[in-house]
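Colleague: Please read through the structure below; I'll follow up with questions.
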Amino acid sequence: MSKQQLSDPITLRLPLDLLAEIEAVADACERSRSWVMVRALKAYMAQEGREIQEMAQARKAVEDGAGIDAQDVLAEVDAITKGAAA
């Protein structure tokens with residue numbers, strides 16, 4: 001297996017209570033603090049990070065004219081539901 005490329009070291013200040021939690025998890029699973037923080041950041045990026053990026057892409061698409069006006073969508077839904085009732 002090839003070794004993963006790593007960045008230069010990054011300085012990060014954490015609230016002391018969060019650091020204590022990270023250290024407790026690292027001790028419990030016999031891993032480093034860096035290992036715990038990387039896993040936590042990967043989980044964040046897979047969830048909230050992805051959502052933030054998708055929302056930014058959607059806003060950009062709307063700005064570029066790729067969106068559909070909400071009133072047009074509502075009018076189409078109204079027409080469909082009225083037609084289904086007939």
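Identifiers for the structure tokens are assigned positionally: chains receive A, B, ... in sequence, residues are indexed from 1 per chain, and ligands are indexed from 1 in the order shown.
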Any chance you could list, as an NGL selection string, the residues in range 13-73 of chain A that come up helix (DSSP H, G or I) when DSSP is run on the backbone?
Modeller: :A and (16-28 or 33-63 or 70-73)
Colleague: Could you pull the residues within 10 Å of Ala24 in chain A, counting only C-alpha atoms, minus those fewer than 6 positions along the same chain, as a ChimeraX atom specification?
Modeller: /A:18,30,33,36
Colleague: With C-alpha atoms retained, write the just-selected residues as a PDB file, in the first residue's frame.
Modeller:
```pdb
ATOM      1  CA  LEU A  18     -12.225  19.716  23.155  1.00  0.00           C
ATOM      2  CA  GLU A  30      -4.076   3.892  21.458  1.00  0.00           C
ATOM      3  CA  ARG A  33      -4.209  13.066  18.651  1.00  0.00           C
ATOM      4  CA  VAL A  36      -8.303  11.334  15.985  1.00  0.00           C
TER       5      VAL A  36
END
```
Colleague: Record the distance separating CA of Asp8 in chain A and CA of Ala26 in chain A, expressed in Å with one decimal.
Modeller: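 These two atoms are separated by 21.6 Å.
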